[in-house]
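*Asks:* Sharing query.tsv here; it has TSV, C-alpha atoms.
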```tsv
chain	number	residue	atom	x	y	z
A	1	MET	CA	119.83	82.05	87.47
A	2	HIS	CA	121.29	83.50	90.66
A	3	LEU	CA	118.60	84.06	93.29
A	4	ASP	CA	119.61	86.07	96.34
A	5	VAL	CA	119.05	84.55	99.77
A	6	VAL	CA	116.59	87.29	100.81
A	7	ALA	CA	114.51	86.68	97.67
A	8	ALA	CA	114.19	83.04	98.76
A	9	PHE	CA	112.16	84.27	101.76
A	10	PHE	CA	109.73	85.90	99.33
A	11	LEU	CA	109.21	82.49	97.69
A	12	MET	CA	108.70	80.94	101.13
A	13	GLY	CA	105.94	83.49	101.82
A	14	VAL	CA	104.27	82.67	98.48
A	15	PHE	CA	104.49	78.94	99.25
A	16	ALA	CA	103.05	79.43	102.74
A	17	GLN	CA	100.07	81.30	101.30
A	18	VAL	CA	99.50	78.78	98.49
A	19	ILE	CA	99.35	75.82	100.91
A	20	LYS	CA	97.34	78.00	103.34
A	21	ALA	CA	99.88	77.53	106.14
A	22	PRO	CA	99.16	79.69	109.22
A	23	VAL	CA	102.09	82.06	108.62
A	24	ARG	CA	100.88	85.59	109.25
A	25	MET	CA	102.73	88.54	110.65
A	26	PRO	CA	100.89	90.96	112.94
A	27	GLU	CA	100.02	94.15	111.01
A	28	GLY	CA	102.01	96.19	113.53
A	29	LEU	CA	105.17	94.16	112.94
A	30	TYR	CA	104.83	94.51	109.16
A	31	GLN	CA	104.50	98.29	109.61
A	32	SER	CA	107.53	98.29	111.92
A	33	LEU	CA	109.63	96.41	109.36
A	34	THR	CA	108.65	98.96	106.69
A	35	ILE	CA	109.66	101.82	108.99
A	36	PHE	CA	112.96	100.08	109.80
A	37	LEU	CA	113.82	99.63	106.11
A	38	LEU	CA	112.98	103.26	105.27
A	39	ILE	CA	115.10	104.62	108.14
A	40	ALA	CA	117.99	102.20	107.53
A	41	ILE	CA	118.21	103.10	103.83
A	42	GLY	CA	117.78	106.84	104.48
A	43	LEU	CA	120.34	106.93	107.29
A	44	LYS	CA	122.95	105.07	105.29
A	45	GLY	CA	122.40	107.39	102.32
A	46	GLY	CA	122.58	110.47	104.55
A	47	ILE	CA	125.95	109.46	106.03
A	48	ALA	CA	127.26	108.91	102.48
A	49	LEU	CA	125.81	112.24	101.36
A	50	GLU	CA	127.77	114.01	104.08
A	51	GLN	CA	130.97	112.46	102.72
A	52	HIS	CA	130.27	112.66	98.97
A	53	GLY	CA	128.05	115.73	98.51
A	54	SER	CA	129.07	117.79	95.47
A	55	VAL	CA	127.75	120.21	92.82
A	56	GLU	CA	127.65	117.30	90.36
A	57	LEU	CA	125.09	115.66	92.63
A	58	LEU	CA	122.74	118.58	92.02
A	59	TYR	CA	122.89	118.08	88.26
A	60	GLN	CA	122.41	114.33	88.75
A	61	SER	CA	119.41	114.97	91.00
A	62	LEU	CA	117.73	117.17	88.38
A	63	LEU	CA	118.12	114.45	85.75
A	64	ILE	CA	116.73	111.86	88.19
A	65	ILE	CA	113.66	114.04	88.78
A	66	GLY	CA	113.21	114.31	85.00
A	67	PHE	CA	113.48	110.52	84.71
A	68	GLY	CA	110.82	110.06	87.38
A	69	ALA	CA	108.48	112.48	85.60
A	70	PHE	CA	109.01	110.80	82.22
A	71	LEU	CA	108.05	107.22	83.20
A	72	PRO	CA	104.30	107.89	83.78
A	73	LEU	CA	104.13	109.57	80.36
A	74	ILE	CA	105.04	106.21	78.79
A	75	ALA	CA	102.77	104.12	81.00
A	76	PHE	CA	99.70	106.39	80.67
A	77	PRO	CA	98.96	106.00	76.91
A	78	LEU	CA	99.56	102.24	77.15
A	79	LEU	CA	96.99	101.93	79.93
A	80	LEU	CA	94.47	104.32	78.37
A	81	LYS	CA	94.64	103.40	74.67
A	82	VAL	CA	95.72	99.75	74.80
A	83	GLY	CA	94.45	98.57	78.16
A	84	GLY	CA	91.16	100.44	77.91
A	85	LEU	CA	91.34	101.74	81.51
A	86	SER	CA	89.53	104.97	82.37
A	87	ARG	CA	91.55	108.20	82.30
A	88	VAL	CA	91.66	108.46	86.10
A	89	ASP	CA	92.66	104.82	86.58
A	90	SER	CA	95.32	105.12	83.86
A	91	ALA	CA	96.76	108.22	85.53
A	92	SER	CA	96.77	106.50	88.92
A	93	VAL	CA	98.49	103.32	87.65
A	94	ALA	CA	100.97	105.44	85.64
A	95	ALA	CA	101.90	107.37	88.80
A	96	HIS	CA	102.56	104.08	90.64
A	97	TYR	CA	104.86	102.89	87.85
A	98	GLY	CA	106.72	106.21	87.66
A	99	SER	CA	107.41	106.12	91.38
A	100	VAL	CA	109.63	103.55	93.10
A	101	SER	CA	109.41	100.63	95.50
A	102	ILE	CA	111.66	100.86	98.54
A	103	ALA	CA	111.50	97.07	99.05
A	104	THR	CA	112.67	96.38	95.48
A	105	PHE	CA	115.49	98.86	96.03
A	106	ALA	CA	116.39	97.11	99.29
A	107	VAL	CA	116.57	93.74	97.49
A	108	ALA	CA	118.82	95.27	94.80
A	109	LEU	CA	121.08	96.69	97.55
A	110	ALA	CA	121.26	93.26	99.20
A	111	VAL	CA	122.19	91.65	95.86
A	112	LEU	CA	124.93	94.22	95.20
A	113	GLU	CA	126.35	93.83	98.71
A	114	ALA	CA	126.28	90.02	98.45
A	115	GLN	CA	128.16	90.18	95.15
A	116	GLU	CA	130.46	92.94	96.46
A	117	ILE	CA	129.59	95.32	93.61
A	118	ALA	CA	130.34	98.97	94.40
A	119	TYR	CA	127.65	101.65	93.95
A	120	GLU	CA	127.19	105.35	94.68
A	121	PRO	CA	126.49	105.28	98.45
A	122	TYR	CA	124.25	108.38	98.28
A	123	PHE	CA	121.71	106.49	96.13
A	124	PRO	CA	118.90	106.76	98.75
A	125	LEU	CA	118.76	110.45	97.80
A	126	PHE	CA	117.74	109.39	94.29
A	127	VAL	CA	115.12	107.03	95.77
A	128	ALA	CA	113.59	109.93	97.70
A	129	LEU	CA	113.69	112.16	94.61
A	130	LEU	CA	111.98	109.49	92.48
A	131	GLU	CA	109.04	109.14	94.89
A	132	VAL	CA	107.47	112.53	94.14
A	133	PRO	CA	107.55	113.62	90.44
A	134	ALA	CA	105.50	110.66	89.19
A	135	ILE	CA	102.68	111.52	91.61
A	136	ALA	CA	102.62	115.10	90.32
A	137	VAL	CA	102.60	113.96	86.68
A	138	GLY	CA	99.89	111.37	87.46
A	139	LEU	CA	97.71	114.07	89.00
A	140	TRP	CA	98.32	116.37	86.03
A	141	LEU	CA	97.31	113.56	83.64
A	142	ALA	CA	94.15	112.91	85.65
A	143	ARG	CA	93.37	116.58	85.99
A	144	SER	CA	93.43	117.15	82.23
A	145	GLY	CA	90.45	114.79	82.31
A	146	GLY	CA	88.48	117.26	84.46
A	147	GLN	CA	89.37	115.98	87.95
A	148	THR	CA	89.34	118.61	90.70
A	149	LEU	CA	92.00	118.50	93.42
A	150	ASP	CA	92.19	119.67	97.01
A	151	LEU	CA	95.70	121.05	96.54
A	152	LYS	CA	96.54	121.47	100.23
A	153	LYS	CA	95.54	117.91	101.06
A	154	VAL	CA	97.27	116.51	97.98
A	155	LEU	CA	100.56	118.33	98.65
A	156	HIS	CA	100.45	117.10	102.24
A	157	GLU	CA	100.05	113.51	101.06
A	158	ILE	CA	102.76	113.84	98.40
A	159	PHE	CA	105.45	115.29	100.65
A	160	PHE	CA	104.48	114.00	104.10
A	161	ASN	CA	103.42	110.40	103.46
A	162	GLN	CA	105.16	107.75	105.54
A	163	GLY	CA	107.62	106.70	102.81
A	164	VAL	CA	108.84	110.15	101.81
A	165	LEU	CA	108.86	111.57	105.35
A	166	LEU	CA	110.87	108.74	106.94
A	167	LEU	CA	113.26	108.34	104.02
A	168	VAL	CA	113.98	112.07	103.66
A	169	GLY	CA	114.00	112.54	107.46
A	170	ALA	CA	116.55	109.74	108.00
A	171	LEU	CA	118.57	111.03	105.04
A	172	LEU	CA	118.73	114.51	106.57
A	173	ILE	CA	119.61	113.13	110.03
A	174	GLY	CA	122.39	110.98	108.53
A	175	TRP	CA	123.65	113.95	106.51
A	176	TRP	CA	123.57	116.29	109.53
A	177	ALA	CA	125.08	113.83	112.01
A	178	GLY	CA	127.61	112.27	109.62
A	179	GLU	CA	129.90	109.84	111.42
A	180	ARG	CA	128.03	110.38	114.69
A	181	SER	CA	125.25	108.26	113.14
A	182	GLU	CA	127.62	105.29	113.17
A	183	LYS	CA	126.51	104.40	116.71
A	184	LEU	CA	123.06	103.63	115.28
A	185	MET	CA	124.44	101.36	112.61
A	186	PRO	CA	124.76	98.16	114.69
A	187	PHE	CA	120.95	98.27	114.71
A	188	PHE	CA	120.10	99.82	111.31
A	189	GLY	CA	123.11	98.39	109.45
A	190	ASN	CA	123.82	94.89	110.72
A	191	MET	CA	120.18	93.87	111.02
A	192	PHE	CA	119.23	95.16	107.56
A	193	HIS	CA	119.38	91.83	105.71
A	194	GLY	CA	117.56	89.93	108.46
A	195	VAL	CA	114.74	92.49	108.61
A	196	LEU	CA	114.52	92.51	104.82
A	197	ALA	CA	114.14	88.70	104.84
A	198	LEU	CA	111.25	88.96	107.35
A	199	PHE	CA	109.66	91.75	105.31
A	200	LEU	CA	109.89	89.71	102.10
A	201	LEU	CA	108.36	86.68	103.81
A	202	GLU	CA	105.24	88.74	104.53
A	203	MET	CA	105.34	90.39	101.09
A	204	GLY	CA	105.35	86.97	99.45
A	205	ARG	CA	102.29	85.99	101.46
A	206	VAL	CA	100.47	89.25	100.68
A	207	ALA	CA	101.33	89.09	96.95
A	208	ALA	CA	100.08	85.49	96.69
A	209	SER	CA	96.87	86.33	98.59
A	210	ARG	CA	96.02	88.99	95.96
A	211	LEU	CA	96.57	86.69	92.95
A	212	SER	CA	92.84	86.03	92.56
A	213	LEU	CA	92.28	89.77	91.96
A	214	LEU	CA	94.10	89.41	88.65
A	215	ARG	CA	91.05	87.54	87.37
A	216	GLU	CA	89.00	90.64	88.02
A	217	TYR	CA	91.29	93.06	86.20
A	218	GLY	CA	92.15	90.87	83.22
A	219	SER	CA	95.30	89.57	81.68
A	220	PHE	CA	96.31	92.97	80.28
A	221	ILE	CA	97.33	94.14	83.75
A	222	ALA	CA	99.53	91.03	84.16
A	223	SER	CA	101.30	91.71	80.85
A	224	PHE	CA	101.61	95.42	81.63
A	225	GLY	CA	103.11	94.56	85.03
A	226	VAL	CA	105.92	92.71	83.28
A	227	VAL	CA	106.45	94.90	80.19
A	228	MET	CA	106.53	98.25	82.03
A	229	PRO	CA	109.40	97.21	84.38
A	230	LEU	CA	111.44	96.14	81.36
A	231	ILE	CA	110.84	99.52	79.67
A	232	GLY	CA	111.66	101.31	82.97
A	233	ALA	CA	114.84	99.26	83.46
A	234	SER	CA	116.02	100.05	79.91
A	235	LEU	CA	115.39	103.77	80.40
A	236	GLY	CA	117.00	103.64	83.85
A	237	THR	CA	120.10	102.10	82.28
A	238	LEU	CA	120.20	104.86	79.65
A	239	CYS	CA	119.75	107.54	82.31
A	240	ALA	CA	122.53	106.00	84.44
A	241	MET	CA	124.84	106.03	81.42
A	242	VAL	CA	124.12	109.76	80.88
A	243	LEU	CA	124.85	110.33	84.59
A	244	ASP	CA	128.09	108.35	84.26
A	245	LEU	CA	127.27	106.12	87.24
A	246	SER	CA	129.27	103.08	88.35
A	247	VAL	CA	128.18	99.55	87.37
A	248	GLY	CA	126.42	99.18	90.74
A	249	GLY	CA	124.75	102.55	90.20
A	250	ILE	CA	123.49	101.45	86.76
A	251	ILE	CA	122.00	98.29	88.29
A	252	LEU	CA	120.31	100.33	91.03
A	253	LEU	CA	118.83	102.92	88.63
A	254	ALA	CA	117.64	100.16	86.28
A	255	THR	CA	115.96	98.50	89.27
A	256	LEU	CA	114.37	101.77	90.41
A	257	GLY	CA	113.10	102.43	86.88
A	258	ALA	CA	111.61	98.94	86.83
A	259	SER	CA	109.95	99.15	90.23
A	260	ALA	CA	106.46	100.39	91.05
A	261	SER	CA	105.31	101.97	94.28
A	262	TYR	CA	102.81	100.31	96.59
A	263	ILE	CA	103.30	102.31	99.79
A	264	ALA	CA	103.76	106.04	99.09
A	265	VAL	CA	101.73	106.50	95.91
A	266	PRO	CA	98.60	104.58	96.98
A	267	ALA	CA	98.37	106.83	100.05
A	268	ALA	CA	98.67	109.98	97.94
A	269	MET	CA	96.32	108.74	95.22
A	270	SER	CA	93.58	107.71	97.62
A	271	VAL	CA	93.42	111.35	98.75
A	272	ALA	CA	94.07	113.05	95.42
A	273	LEU	CA	92.03	110.76	93.14
A	274	PRO	CA	89.31	109.21	95.29
A	275	THR	CA	87.36	108.15	92.18
A	276	ALA	CA	90.25	105.98	90.93
A	277	ASN	CA	90.10	102.26	91.63
A	278	GLN	CA	93.02	101.94	94.09
A	279	SER	CA	93.01	98.17	93.87
A	280	VAL	CA	94.15	98.04	90.20
A	281	PRO	CA	97.61	99.64	90.68
A	282	ILE	CA	98.26	97.83	93.98
A	283	THR	CA	97.40	94.47	92.42
A	284	ALA	CA	99.62	95.20	89.41
A	285	SER	CA	102.59	96.48	91.40
A	286	LEU	CA	102.39	94.06	94.33
A	287	THR	CA	101.20	90.88	92.64
A	288	VAL	CA	102.98	91.15	89.30
A	289	THR	CA	105.77	93.72	89.19
A	290	PHE	CA	107.31	93.25	92.64
A	291	PRO	CA	107.63	89.42	92.35
A	292	PHE	CA	108.84	89.80	88.75
A	293	ASN	CA	111.58	92.23	89.80
A	294	VAL	CA	112.67	90.24	92.84
A	295	LEU	CA	112.72	86.80	91.21
A	296	VAL	CA	113.56	87.54	87.56
A	297	GLY	CA	114.25	91.25	86.98
A	298	ILE	CA	117.06	92.07	89.42
A	299	PRO	CA	119.13	88.94	88.58
A	300	LEU	CA	118.59	89.71	84.88
A	301	TYR	CA	119.43	93.44	85.09
A	302	SER	CA	122.56	92.76	87.15
A	303	ALA	CA	123.77	89.96	84.84
A	304	LEU	CA	123.19	92.02	81.68
A	305	ILE	CA	124.72	95.21	83.09
A	306	LEU	CA	127.74	93.32	84.46
A	307	GLU	CA	128.14	91.64	81.05
A	308	PHE	CA	128.05	94.89	79.07
A	309	PHE	CA	129.45	97.52	81.45
A	310	ALA	CA	131.85	95.77	83.85
B	1	MET	CA	89.65	97.77	72.64
B	2	LYS	CA	89.80	94.06	73.51
B	3	ASP	CA	91.79	93.43	70.32
B	4	LYS	CA	94.37	96.05	71.27
B	5	SER	CA	94.99	94.47	74.66
B	6	LEU	CA	95.13	91.01	73.05
B	7	TRP	CA	97.74	92.25	70.57
B	8	PHE	CA	99.68	93.85	73.40
B	9	GLU	CA	99.69	90.57	75.30
B	10	VAL	CA	100.69	88.52	72.23
B	11	ILE	CA	103.54	90.92	71.37
B	12	ALA	CA	104.71	90.94	75.02
B	13	ILE	CA	104.72	87.13	75.20
B	14	VAL	CA	106.55	86.73	71.86
B	15	MET	CA	109.15	89.37	72.82
B	16	LEU	CA	109.75	87.84	76.27
B	17	LEU	CA	110.13	84.42	74.70
B	18	THR	CA	112.50	85.47	71.91
B	19	ASN	CA	114.60	87.70	74.18
B	20	GLY	CA	114.74	85.00	76.85
B	21	LEU	CA	115.86	82.34	74.38
B	22	ALA	CA	118.38	84.75	72.84
B	23	LEU	CA	119.87	85.37	76.30
B	24	VAL	CA	119.99	81.65	77.08
B	25	SER	CA	121.79	81.00	73.79
B	26	VAL	CA	124.63	83.31	74.90
B	27	ASN	CA	124.76	81.83	78.43
B	28	LEU	CA	122.94	84.72	80.11
B	29	PRO	CA	120.02	84.26	82.54
B	30	GLY	CA	117.08	84.20	80.11
B	31	TRP	CA	115.10	81.30	81.55
B	32	GLY	CA	113.22	83.69	83.82
B	33	LEU	CA	111.86	85.61	80.82
B	34	VAL	CA	110.93	82.34	79.07
B	35	GLY	CA	109.09	81.17	82.19
B	36	ILE	CA	107.27	84.51	82.54
B	37	ALA	CA	106.25	84.37	78.85
B	38	GLY	CA	104.73	80.94	79.48
B	39	LEU	CA	102.97	82.14	82.62
B	40	LEU	CA	101.51	85.19	80.83
B	41	ALA	CA	100.29	82.97	77.99
B	42	VAL	CA	98.53	80.67	80.47
B	43	ILE	CA	96.99	83.64	82.34
B	44	SER	CA	95.85	85.27	79.08
B	45	ILE	CA	94.20	82.12	77.71
B	46	THR	CA	92.68	81.04	81.04
B	47	LEU	CA	91.20	84.44	81.85
B	48	ARG	CA	89.74	84.78	78.36
B	49	ILE	CA	88.06	81.37	78.65
B	50	VAL	CA	86.76	82.17	82.15
B	51	ASN	CA	85.45	85.60	81.10
B	52	GLU	CA	83.76	84.16	77.99
B	53	LYS	CA	81.92	81.65	80.16
B	54	LYS	CA	80.79	84.49	82.41
B	55	VAL	CA	78.98	86.38	79.55
B	56	PRO	CA	75.28	86.41	80.58
B	57	VAL	CA	72.90	84.55	78.32
B	58	PRO	CA	70.35	86.94	76.70
B	59	VAL	CA	66.83	86.68	78.12
B	60	ALA	CA	65.29	85.76	74.73
B	61	ALA	CA	67.75	82.93	74.26
B	62	LYS	CA	67.00	81.70	77.79
B	63	ALA	CA	63.31	81.51	77.01
B	64	VAL	CA	63.97	79.36	73.92
```
Can the structure in the file be given as structure tokens, please?

*Replies:*
Amino acid sequence: MHLDVVAAFFLMGVFAQVIKAPVRMPEGLYQSLTIFLLIAIGLKGGIALEQHGSVELLYQSLLIIGFGAFLPLIAFPLLLKVGGLSRVDSASVAAHYGSVSIATFAVALAVLEAQEIAYEPYFPLFVALLEVPAIAVGLWLARSGGQTLDLKKVLHEIFFNQGVLLLVGALLIGWWAGERSEKLMPFFGNMFHGVLALFLLEMGRVAASRLSLLREYGSFIASFGVVMPLIGASLGTLCAMVLDLSVGGIILLATLGASASYIAVPAAMSVALPTANQSVPITASLTVTFPFNVLVGIPLYSALILEFFA
Amino acid sequence: MKDKSLWFEVIAIVMLLTNGLALVSVNLPGWGLVGIAGLLAVISITLRIVNEKKVPVPVAAKAV
């Protein structure tokens, strides 16, 4: 199995935590790395959007929004009926799995670039579009269970959380500035892989430190955290085929479908659904789904898609 | 409810295992799925044993 060099740093972080080595990043640096990745991805996508924007992109965007809204509808009944979670918790976890992980997307980008596989360069637009609909559907699912919402606060969290704001903001700046943004790229472009490696080192440590929480939430969450990405990746592949994307685009949409949010959605859910147990979705997405996608999923999706579509 | 989640876990493990082995047989990267199936099986069995041990003993039984 081909493991990308940046993913190896994730394993190093896991190892460091398991042997209790004193490897710990300051919280501020971890936050800074997250901000860097969001801006770098958004900026790159914005520059591409300026060059490739078309009417077809609008139709593609609508389908992507539909895809993002559909994923929680699959996850919700599984969590509620099979997993036995409460309605609010099921809705919250479903929203996390309908949304996307920017770090997983960054790893998929690194893999494609390392293997020199072409993809639609405006893909960060789709990442931004996939962040929001799942949160709205999750809230709707929870609300049909009698939850009351502070709409103003909720909308603020959905559209102005760190992930969405920085990604969309950088995308718009890149789109507006076009080639003028190139002078920023020695920083946001060339350093991308190095910063991603540092980020994954810390992610590995954090994911391993939360492993014991799995005991609390039971083995169902572990199985769900593996099965749901495979369902999402299959649907992402189907959606990419409908959108007539390139091979790289299919791999990226499969990866986005498989990923689960742990930055944007938890922030929105903690405001919108304060009664939901926020620890369940973060444990599932960070401790199970993210490592699964980085170590097994992305190499698998890319190998299968290259085998059948290249 | 417990039975439903157990069935879900068993089906997930069997599907990961069979799909992983099928991929390996055609020279595709399936060992990851096989490994994950094994890991899920271990987690499922271990957590069930641990949780069973945690069930509190009824007061009447304690007295006996």

*Asks:* Within 6 Å of chain A, which residues of chain B are there when counting only C-alpha atoms? Please give them as a list in words.

*Replies:*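 Written out as asked, the residues are Lys4, Ser5, Glu9, Pro29, Gly32 and Ser44 of chain B.
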
*Asks:* Just give me the gap between atom CA of Asp89 of chain A and atom CA of Asn277 of chain A in Å, one decimal is fine.

*Replies:* 6.2 Å

*Asks:* Record the distance separating atom CA of Val271 of chain A and atom CA of Leu167 of chain A, expressed in Å with one decimal.

*Replies:*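 According to the coordinates, atom CA of Val271 of chain A and atom CA of Leu167 of chain A are separated by 20.7 Å.
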
*Asks:* In Å, how far is it from atom CA of Phe70 of chain A to atom CA of Val265 of chain A?

*Replies:*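 Interatomic distance here is 16.1 Å.
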
*Asks:* Kindly indicate which residue among A:Ile19, A:Leu201, A:Ala94, A:Leu286 lies nearest to Leu213 of chain A, using all atoms listed in the file for the distances.

*Replies:* A:Leu286

*Asks:* Pick from B:Leu6, B:Met15, B:Leu21, B:Leu33: nearest to Leu47 of chain B, with only C-alpha atoms counted?

*Replies:*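 Smallest distance to Leu47 of chain B is found for B:Leu6.
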